[in-house]
file structure23.csv (CSV, C-alpha atoms)
chain,number,residue,atom,x,y,z
A,4,MET,CA,-1.3,-25.4,5.7
A,5,THR,CA,-4.4,-23.9,4.2
A,6,ARG,CA,-4.4,-20.4,5.7
A,7,LEU,CA,-1.5,-17.9,6.0
A,8,ASP,CA,-1.3,-15.0,8.4
A,9,HIS,CA,-0.1,-12.7,5.7
A,10,PRO,CA,1.3,-9.4,6.9
A,11,VAL,CA,1.3,-6.0,5.2
A,12,LEU,CA,4.4,-5.8,3.0
A,13,GLN,CA,5.7,-2.4,2.2
A,14,GLY,CA,8.3,-1.2,-0.2
A,15,ARG,CA,9.3,2.2,-1.8
A,16,LEU,CA,6.8,1.9,-4.7
A,17,VAL,CA,4.1,-0.4,-3.5
A,18,ARG,CA,2.3,-1.5,-0.3
A,19,LEU,CA,0.6,-4.9,-0.3
A,20,GLU,CA,-2.3,-5.0,2.1
A,21,PRO,CA,-4.4,-8.1,2.8
A,22,LEU,CA,-7.4,-7.8,0.4
A,23,ALA,CA,-10.5,-6.5,2.1
A,24,PRO,CA,-14.0,-5.2,1.1
A,25,SER,CA,-12.6,-1.7,1.7
A,26,HIS,CA,-10.5,-2.1,-1.4
A,27,ALA,CA,-13.5,-2.5,-3.7
A,28,ALA,CA,-13.9,1.1,-5.0
A,29,GLY,CA,-10.2,1.3,-5.7
A,30,LEU,CA,-10.0,-2.1,-7.4
A,31,ALA,CA,-13.1,-1.2,-9.5
A,32,ALA,CA,-11.4,2.0,-10.8
A,33,ALA,CA,-8.2,0.1,-11.5
A,34,ALA,CA,-9.9,-2.7,-13.4
A,35,GLU,CA,-11.9,-0.2,-15.6
A,36,GLU,CA,-8.7,1.4,-17.1
A,37,SER,CA,-7.7,-0.1,-20.4
A,38,ARG,CA,-8.3,-3.9,-20.3
A,39,ASP,CA,-6.2,-4.7,-23.3
A,40,SER,CA,-3.7,-6.8,-21.2
A,41,TYR,CA,-6.2,-8.9,-19.4
A,42,GLU,CA,-7.0,-11.5,-22.0
A,43,TRP,CA,-5.5,-14.4,-20.0
A,44,THR,CA,-6.0,-13.2,-16.4
A,45,LEU,CA,-8.8,-13.2,-13.8
A,46,VAL,CA,-9.6,-9.5,-13.4
A,47,PRO,CA,-12.9,-8.2,-12.1
A,48,THR,CA,-15.0,-5.5,-13.6
A,49,ALA,CA,-16.6,-2.6,-11.6
A,50,ALA,CA,-19.8,-4.7,-11.6
A,51,THR,CA,-18.2,-7.9,-10.3
A,52,VAL,CA,-15.5,-6.5,-7.9
A,53,ASP,CA,-17.5,-7.2,-4.7
A,54,GLY,CA,-18.0,-10.8,-5.6
A,55,TYR,CA,-14.4,-11.1,-6.7
A,56,ILE,CA,-13.1,-9.8,-3.4
A,57,ALA,CA,-15.4,-12.2,-1.4
A,58,GLU,CA,-14.4,-15.2,-3.5
A,59,GLN,CA,-10.6,-14.4,-3.2
A,60,ILE,CA,-10.9,-14.0,0.5
A,61,ALA,CA,-12.9,-17.2,0.9
A,62,ARG,CA,-10.7,-19.4,-1.3
A,63,THR,CA,-8.9,-22.1,0.6
A,64,GLY,CA,-5.1,-21.8,0.2
A,65,LEU,CA,-5.2,-18.3,-1.1
A,66,ALA,CA,-3.8,-15.2,0.7
A,67,PRO,CA,-4.8,-12.3,-1.5
A,68,TYR,CA,-3.4,-8.8,-1.5
A,69,ALA,CA,-4.4,-5.4,-2.8
A,70,GLN,CA,-1.6,-3.5,-4.4
A,71,ILE,CA,-1.4,0.1,-3.3
A,72,CYS,CA,0.8,2.6,-5.2
A,73,ARG,CA,2.8,4.4,-2.6
A,74,ARG,CA,3.1,7.6,-4.6
A,75,SER,CA,-0.6,8.1,-5.3
A,76,GLY,CA,-2.2,6.1,-2.5
A,77,ARG,CA,-4.4,4.4,-5.1
A,78,VAL,CA,-5.3,0.8,-5.3
A,79,VAL,CA,-3.7,-0.4,-8.6
A,80,GLY,CA,-4.3,-4.1,-8.6
A,81,ALA,CA,-4.1,-7.4,-6.8
A,82,THR,CA,-1.8,-10.4,-6.2
A,83,ALA,CA,-1.7,-13.4,-3.9
A,84,TYR,CA,0.1,-16.2,-2.3
A,85,TRP,CA,-1.6,-19.5,-3.1
A,86,ASP,CA,-1.2,-23.3,-2.8
A,87,PRO,CA,1.0,-23.3,0.4
A,88,ARG,CA,2.6,-26.8,0.9
A,89,GLY,CA,4.3,-28.4,3.9
A,90,GLU,CA,3.9,-28.1,7.6
A,91,PRO,CA,5.8,-26.0,8.4
A,92,LEU,CA,5.7,-24.2,5.0
A,93,THR,CA,8.2,-25.5,2.4
A,94,ALA,CA,6.7,-24.3,-0.9
A,95,ILE,CA,4.2,-21.7,-2.0
A,96,ASP,CA,3.1,-20.1,-5.3
A,97,VAL,CA,2.6,-16.4,-6.2
A,98,GLY,CA,-0.1,-15.5,-8.7
A,99,PHE,CA,-3.6,-14.1,-9.4
A,100,THR,CA,-1.7,-10.9,-10.2
A,101,TRP,CA,-3.0,-8.0,-12.2
A,102,LEU,CA,-2.3,-4.3,-12.4
A,103,ALA,CA,-4.2,-1.3,-13.7
A,104,ALA,CA,-2.9,-0.2,-17.1
A,105,SER,CA,-1.4,3.0,-15.6
A,106,ALA,CA,0.6,0.9,-13.1
A,107,GLN,CA,2.1,-1.5,-15.6
A,108,ARG,CA,5.9,-1.0,-16.4
A,109,SER,CA,6.1,1.3,-13.3
A,110,GLY,CA,8.3,-1.0,-11.2
A,111,ILE,CA,5.3,-1.9,-9.0
A,112,ASN,CA,5.1,-5.5,-10.2
A,113,LEU,CA,8.9,-5.9,-9.8
A,114,GLU,CA,8.8,-4.6,-6.2
A,115,ALA,CA,5.7,-6.6,-5.3
A,116,LYS,CA,7.4,-9.8,-6.4
A,117,TYR,CA,10.5,-8.9,-4.4
A,118,LEU,CA,8.4,-8.3,-1.3
A,119,LEU,CA,6.5,-11.6,-1.8
A,120,PHE,CA,9.6,-13.6,-2.4
A,121,LYS,CA,11.4,-12.0,0.6
A,122,GLN,CA,8.5,-12.8,3.0
A,123,ALA,CA,8.3,-16.4,1.7
A,124,PHE,CA,12.0,-17.2,1.9
A,125,GLU,CA,13.1,-15.0,4.9
A,126,GLY,CA,9.8,-14.7,6.8
A,127,TRP,CA,8.4,-18.2,6.5
A,128,GLY,CA,11.5,-20.2,5.5
A,129,ALA,CA,10.1,-21.5,2.3
A,130,LEU,CA,12.3,-23.6,0.0
A,131,ARG,CA,10.5,-22.8,-3.2
A,132,VAL,CA,8.3,-20.1,-4.7
A,133,GLY,CA,6.5,-21.0,-7.8
A,134,LEU,CA,4.8,-18.9,-10.5
A,135,SER,CA,2.7,-20.0,-13.5
A,136,THR,CA,0.8,-18.4,-16.4
A,137,ASP,CA,-1.2,-19.5,-19.4
A,138,ALA,CA,1.4,-20.9,-21.8
A,139,ARG,CA,-0.1,-18.6,-24.5
A,140,ASN,CA,0.6,-15.5,-22.5
A,141,ALA,CA,3.9,-14.3,-23.9
A,142,ARG,CA,3.8,-11.0,-22.0
A,143,SER,CA,3.3,-12.7,-18.6
A,144,ARG,CA,6.1,-15.2,-19.4
A,145,ILE,CA,8.5,-12.4,-20.1
A,146,ALA,CA,7.5,-10.5,-16.9
A,147,ILE,CA,8.0,-13.7,-14.8
A,148,ALA,CA,11.4,-14.3,-16.2
A,149,GLY,CA,12.2,-10.7,-15.6
A,150,VAL,CA,11.8,-11.1,-11.9
A,151,GLY,CA,14.5,-13.8,-11.8
A,152,ALA,CA,12.3,-16.9,-11.9
A,153,ARG,CA,13.5,-19.9,-13.9
A,154,PHE,CA,11.4,-21.5,-16.6
A,155,GLU,CA,10.6,-25.1,-15.8
A,156,GLY,CA,8.5,-26.2,-18.7
A,157,VAL,CA,4.8,-26.4,-19.8
A,158,LEU,CA,2.3,-28.7,-18.2
A,159,ARG,CA,-0.5,-29.6,-20.6
A,160,ASN,CA,-4.1,-29.2,-19.4
A,161,TRP,CA,-2.7,-28.2,-16.0
A,162,SER,CA,-5.1,-25.6,-14.6
A,163,ARG,CA,-8.3,-23.6,-15.2
A,164,SER,CA,-8.4,-21.3,-18.1
A,165,TRP,CA,-9.5,-17.7,-17.3
A,166,VAL,CA,-10.0,-16.8,-20.9
A,167,PRO,CA,-13.6,-15.6,-21.7
A,168,GLY,CA,-15.3,-18.3,-23.7
A,169,GLU,CA,-13.1,-21.0,-22.2
A,170,GLU,CA,-15.1,-21.6,-19.1
A,171,GLY,CA,-14.8,-25.2,-17.9
A,172,ARG,CA,-11.7,-25.8,-20.0
A,173,LEU,CA,-8.1,-26.4,-18.8
A,174,ARG,CA,-5.1,-24.4,-20.0
A,175,ASP,CA,-1.5,-25.4,-20.7
A,176,SER,CA,0.5,-23.7,-17.9
A,177,ALA,CA,4.1,-22.4,-18.2
A,178,LEU,CA,5.8,-23.0,-14.8
A,179,PHE,CA,8.6,-21.0,-13.3
A,180,SER,CA,10.2,-21.0,-9.8
A,181,VAL,CA,12.8,-19.6,-7.5
A,182,VAL,CA,14.3,-22.0,-5.0
A,183,VAL,CA,16.0,-21.1,-1.8
A,184,GLU,CA,19.5,-21.7,-3.1
A,185,GLU,CA,18.8,-19.1,-5.9
A,186,TRP,CA,17.2,-16.6,-3.6
A,187,PRO,CA,20.4,-14.6,-2.7
A,188,GLU,CA,21.3,-14.1,-6.4
A,189,CYS,CA,17.6,-13.4,-7.2
A,190,ARG,CA,17.4,-10.9,-4.4
A,191,ALA,CA,20.5,-9.1,-5.5
A,192,TYR,CA,19.2,-8.9,-9.0
A,193,LEU,CA,15.9,-7.5,-7.9
A,194,GLU,CA,17.4,-5.0,-5.6
A,195,HIS,CA,19.7,-3.8,-8.4
A,196,ARG,CA,16.8,-3.4,-10.8
A,197,LEU,CA,14.7,-1.6,-8.2
A,198,SER,CA,17.6,0.8,-7.4
A,199,GLU,CA,17.4,1.9,-11.1
A,200,THR,CA,13.6,2.5,-10.9
A,201,ARG,CA,12.5,6.1,-10.2
call {"tool": "encode", "arguments": {"input": "structure23.csv", "output": "structure tokens"}}
result
Amino acid sequence: MTRLDHPVLQGRLVRLEPLAPSHAAGLAAAAEESRDSYEWTLVPTAATVDGYIAEQIARTGLAPYAQICRRSGRVVGATAYWDPRGEPLTAIDVGFTWLAASAQRSGINLEAKYLLFKQAFEGWGALRVGLSTDARNARSRIAIAGVGARFEGVLRNWSRSWVPGEEGRLRDSALFSVVVEEWPECRAYLEHRLSETR
């Protein structure tokens, strides 16, 4: 499976819409807020956002989303499904995620992961959802563990580095997952955390 028909996913805090050129202005504004947390992550600038959107949409095996804050209606970042495996789908990863500084620690990331996991397990019947990050990215590792994913280990020279100045190099990747047997407990955990988010 190389292409997913990925539906709009809507929660109380965030709406995930399939990424489109119409999201460019909003993504550009989101990306130009403080960039202090983007050291390890692929995030466009206002000048590169059109190319970023075109590349994400064209990338084989990637189903990208714009993240829309329900309260403000603003585009606040992006996320994606990627690397779908199996026919029918048995496993998929979630990644390429970033949020504007103003949307971080707001519950939006938590709910976005809940919606993505729920669609993967309950909509598509996946048996595994994987997540990974640069092994040096302590903040991202804490956030991934915070959505109920289990740490599986670090794979050395596993995937492309997105760090400026490391073009053409590979990074060590910290891998996490939720498997279908864990989904009921993970879902309850996420729903409890979201119930406490105002």
call {"tool": "closest_atom_pairs", "arguments": {"input": "structure23.csv", "of": "range 74-159 of chain A", "to": "range 163-173 of chain A", "cutoff": "12 Å", "atoms": "only C-alpha atoms", "output": "CSV"}}
result
residue,atom,partner,partner_atom,distance
A:Phe99,CA,A:Trp165,CA,10.5
A:Ser135,CA,A:Arg163,CA,11.7
A:Thr136,CA,A:Ser164,CA,9.8
A:Asp137,CA,A:Ser164,CA,7.5
A:Ala138,CA,A:Ser164,CA,10.5
A:Arg139,CA,A:Val166,CA,10.7
A:Asn140,CA,A:Val166,CA,10.8
A:Leu158,CA,A:Leu173,CA,10.7
A:Arg159,CA,A:Leu173,CA,8.4
call {"tool": "closest_residue", "arguments": {"input": "structure23.csv", "among": "A:Ala177, A:Ala33, A:Cys189, A:Leu113", "to": "Ala141 in chain A", "atoms": "all atoms listed in the file"}}
result
A:Ala177
call {"tool": "residues_near_point", "arguments": {"input": "structure23.csv", "point": "(5.0, 2.4, 0.9)", "cutoff": "6 Å", "atoms": "all atoms listed in the file", "output": "list in words"}}
result
Gln13, Gly14, Arg15, Leu16, Val17, Arg18 and Arg73 of chain A
call {"tool": "closest_residue", "arguments": {"input": "structure23.csv", "among": "A:Thr63, A:Thr200, A:Asn112, A:Asn160", "to": "Thr82 in chain A", "atoms": "all atoms listed in the file"}}
result
A:Asn112
call {"tool": "atom_distance", "arguments": {"input": "structure23.csv", "atom1": "CA of Ala191 in chain A", "atom2": "CA of Gly151 in chain A"}}
result
9.9 Å
call {"tool": "closest_residue", "arguments": {"input": "structure23.csv", "among": "A:Trp161, A:Trp127, A:Phe120, A:Tyr68", "to": "Arg88 in chain A", "atoms": "all atoms listed in the file"}}
result
A:Trp127
call {"tool": "atom_distance", "arguments": {"input": "structure23.csv", "atom1": "CA of Asp53 in chain A", "atom2": "CA of Ala31 in chain A"}}
result
8.9 Å
call {"tool": "closest_residue", "arguments": {"input": "structure23.csv", "among": "A:Ala123, A:Ser198, A:Leu45, A:Gly29", "to": "Pro91 in chain A", "atoms": "only C-alpha atoms"}}
result
A:Ala123
call {"tool": "closest_residue", "arguments": {"input": "structure23.csv", "among": "A:Leu19, A:Leu102, A:Cys72, A:Val157", "to": "Tyr84 in chain A", "atoms": "all atoms listed in the file"}}
result
A:Leu19
call {"tool": "closest_residue", "arguments": {"input": "structure23.csv", "among": "A:Ala103, A:Leu134, A:Ala28, A:Val97", "to": "Leu118 in chain A", "atoms": "all atoms listed in the file"}}
result
A:Val97
call {"tool": "atom_distance", "arguments": {"input": "structure23.csv", "atom1": "CA of Phe179 in chain A", "atom2": "CA of Arg153 in chain A"}}
result
5.1 Å
call {"tool": "residues_around", "arguments": {"input": "structure23.csv", "residues": "Thr100 in chain A", "least_positions_apart": "6", "cutoff": "12 Å", "atoms": "only C-alpha atoms", "output": "ChimeraX atom specification"}}
result
/A:19,40-41,43-47,59,66-70,79-85,107,111-113,115-116,119,134-136,143,146-147
call {"tool": "residues_around", "arguments": {"input": "structure23.csv", "residues": "Trp186 in chain A", "least_positions_apart": "6", "cutoff": "12 Å", "atoms": "all atoms listed in the file", "output": "PDB file with C-alpha atoms, in the frame of the given file"}}
result
ATOM      1  CA  TYR A 117      10.500  -8.900  -4.400  1.00  0.00           C
ATOM      2  CA  LEU A 119       6.500 -11.600  -1.800  1.00  0.00           C
ATOM      3  CA  PHE A 120       9.600 -13.600  -2.400  1.00  0.00           C
ATOM      4  CA  LYS A 121      11.400 -12.000   0.600  1.00  0.00           C
ATOM      5  CA  GLN A 122       8.500 -12.800   3.000  1.00  0.00           C
ATOM      6  CA  ALA A 123       8.300 -16.400   1.700  1.00  0.00           C
ATOM      7  CA  PHE A 124      12.000 -17.200   1.900  1.00  0.00           C
ATOM      8  CA  GLU A 125      13.100 -15.000   4.900  1.00  0.00           C
ATOM      9  CA  GLY A 128      11.500 -20.200   5.500  1.00  0.00           C
ATOM     10  CA  ALA A 129      10.100 -21.500   2.300  1.00  0.00           C
ATOM     11  CA  LEU A 130      12.300 -23.600   0.000  1.00  0.00           C
ATOM     12  CA  ARG A 131      10.500 -22.800  -3.200  1.00  0.00           C
ATOM     13  CA  VAL A 132       8.300 -20.100  -4.700  1.00  0.00           C
ATOM     14  CA  VAL A 150      11.800 -11.100 -11.900  1.00  0.00           C
ATOM     15  CA  GLY A 151      14.500 -13.800 -11.800  1.00  0.00           C
ATOM     16  CA  ALA A 152      12.300 -16.900 -11.900  1.00  0.00           C
ATOM     17  CA  ARG A 153      13.500 -19.900 -13.900  1.00  0.00           C
ATOM     18  CA  SER A 180      10.200 -21.000  -9.800  1.00  0.00           C
ATOM     19  CA  TYR A 192      19.200  -8.900  -9.000  1.00  0.00           C
ATOM     20  CA  LEU A 193      15.900  -7.500  -7.900  1.00  0.00           C
ATOM     21  CA  GLU A 194      17.400  -5.000  -5.600  1.00  0.00           C
TER      22      GLU A 194
END
call {"tool": "build_atoms", "arguments": {"input": "structure23.csv", "residues": "range 171-186 of chain A", "atoms": "N, CA and C atoms", "output": "PDB file, in the frame of the given file"}}
result
ATOM      1  N   GLY A 171     -14.743 -23.764 -18.020  1.00  0.00           N
ATOM      2  CA  GLY A 171     -14.800 -25.200 -17.900  1.00  0.00           C
ATOM      3  C   GLY A 171     -13.655 -25.928 -18.608  1.00  0.00           C
ATOM      4  N   ARG A 172     -12.797 -25.175 -19.276  1.00  0.00           N
ATOM      5  CA  ARG A 172     -11.700 -25.800 -20.000  1.00  0.00           C
ATOM      6  C   ARG A 172     -10.389 -25.616 -19.156  1.00  0.00           C
ATOM      7  N   LEU A 173      -9.419 -26.451 -19.443  1.00  0.00           N
ATOM      8  CA  LEU A 173      -8.100 -26.400 -18.800  1.00  0.00           C
ATOM      9  C   LEU A 173      -7.127 -25.711 -19.785  1.00  0.00           C
ATOM     10  N   ARG A 174      -6.150 -25.016 -19.228  1.00  0.00           N
ATOM     11  CA  ARG A 174      -5.100 -24.400 -20.000  1.00  0.00           C
ATOM     12  C   ARG A 174      -3.805 -25.139 -19.883  1.00  0.00           C
ATOM     13  N   ASP A 175      -2.928 -24.970 -20.847  1.00  0.00           N
ATOM     14  CA  ASP A 175      -1.500 -25.400 -20.700  1.00  0.00           C
ATOM     15  C   ASP A 175      -0.869 -24.277 -19.846  1.00  0.00           C
ATOM     16  N   SER A 176      -0.121 -24.660 -18.816  1.00  0.00           N
ATOM     17  CA  SER A 176       0.500 -23.700 -17.900  1.00  0.00           C
ATOM     18  C   SER A 176       2.018 -23.708 -18.048  1.00  0.00           C
ATOM     19  N   ALA A 177       2.599 -22.530 -18.221  1.00  0.00           N
ATOM     20  CA  ALA A 177       4.100 -22.400 -18.200  1.00  0.00           C
ATOM     21  C   ALA A 177       4.463 -22.180 -16.740  1.00  0.00           C
ATOM     22  N   LEU A 178       5.353 -23.040 -16.234  1.00  0.00           N
ATOM     23  CA  LEU A 178       5.800 -23.000 -14.800  1.00  0.00           C
ATOM     24  C   LEU A 178       7.156 -22.420 -14.682  1.00  0.00           C
ATOM     25  N   PHE A 179       7.306 -21.623 -13.632  1.00  0.00           N
ATOM     26  CA  PHE A 179       8.600 -21.000 -13.300  1.00  0.00           C
ATOM     27  C   PHE A 179       8.751 -21.144 -11.766  1.00  0.00           C
ATOM     28  N   SER A 180       9.978 -20.964 -11.289  1.00  0.00           N
ATOM     29  CA  SER A 180      10.200 -21.000  -9.800  1.00  0.00           C
ATOM     30  C   SER A 180      11.491 -20.276  -9.474  1.00  0.00           C
ATOM     31  N   VAL A 181      11.563 -19.948  -8.198  1.00  0.00           N
ATOM     32  CA  VAL A 181      12.800 -19.600  -7.500  1.00  0.00           C
ATOM     33  C   VAL A 181      12.935 -20.516  -6.353  1.00  0.00           C
ATOM     34  N   VAL A 182      14.082 -21.158  -6.192  1.00  0.00           N
ATOM     35  CA  VAL A 182      14.300 -22.000  -5.000  1.00  0.00           C
ATOM     36  C   VAL A 182      15.275 -21.348  -4.090  1.00  0.00           C
ATOM     37  N   VAL A 183      15.287 -21.825  -2.857  1.00  0.00           N
ATOM     38  CA  VAL A 183      16.000 -21.100  -1.800  1.00  0.00           C
ATOM     39  C   VAL A 183      17.468 -20.903  -2.105  1.00  0.00           C
ATOM     40  N   GLU A 184      18.084 -21.862  -2.792  1.00  0.00           N
ATOM     41  CA  GLU A 184      19.500 -21.700  -3.100  1.00  0.00           C
ATOM     42  C   GLU A 184      19.741 -20.575  -4.105  1.00  0.00           C
ATOM     43  N   GLU A 185      18.710 -20.231  -4.890  1.00  0.00           N
ATOM     44  CA  GLU A 185      18.800 -19.100  -5.900  1.00  0.00           C
ATOM     45  C   GLU A 185      18.413 -17.792  -5.303  1.00  0.00           C
ATOM     46  N   TRP A 186      17.790 -17.803  -4.126  1.00  0.00           N
ATOM     47  CA  TRP A 186      17.200 -16.600  -3.600  1.00  0.00           C
ATOM     48  C   TRP A 186      18.289 -15.467  -3.385  1.00  0.00           C
TER      49      TRP A 186
END
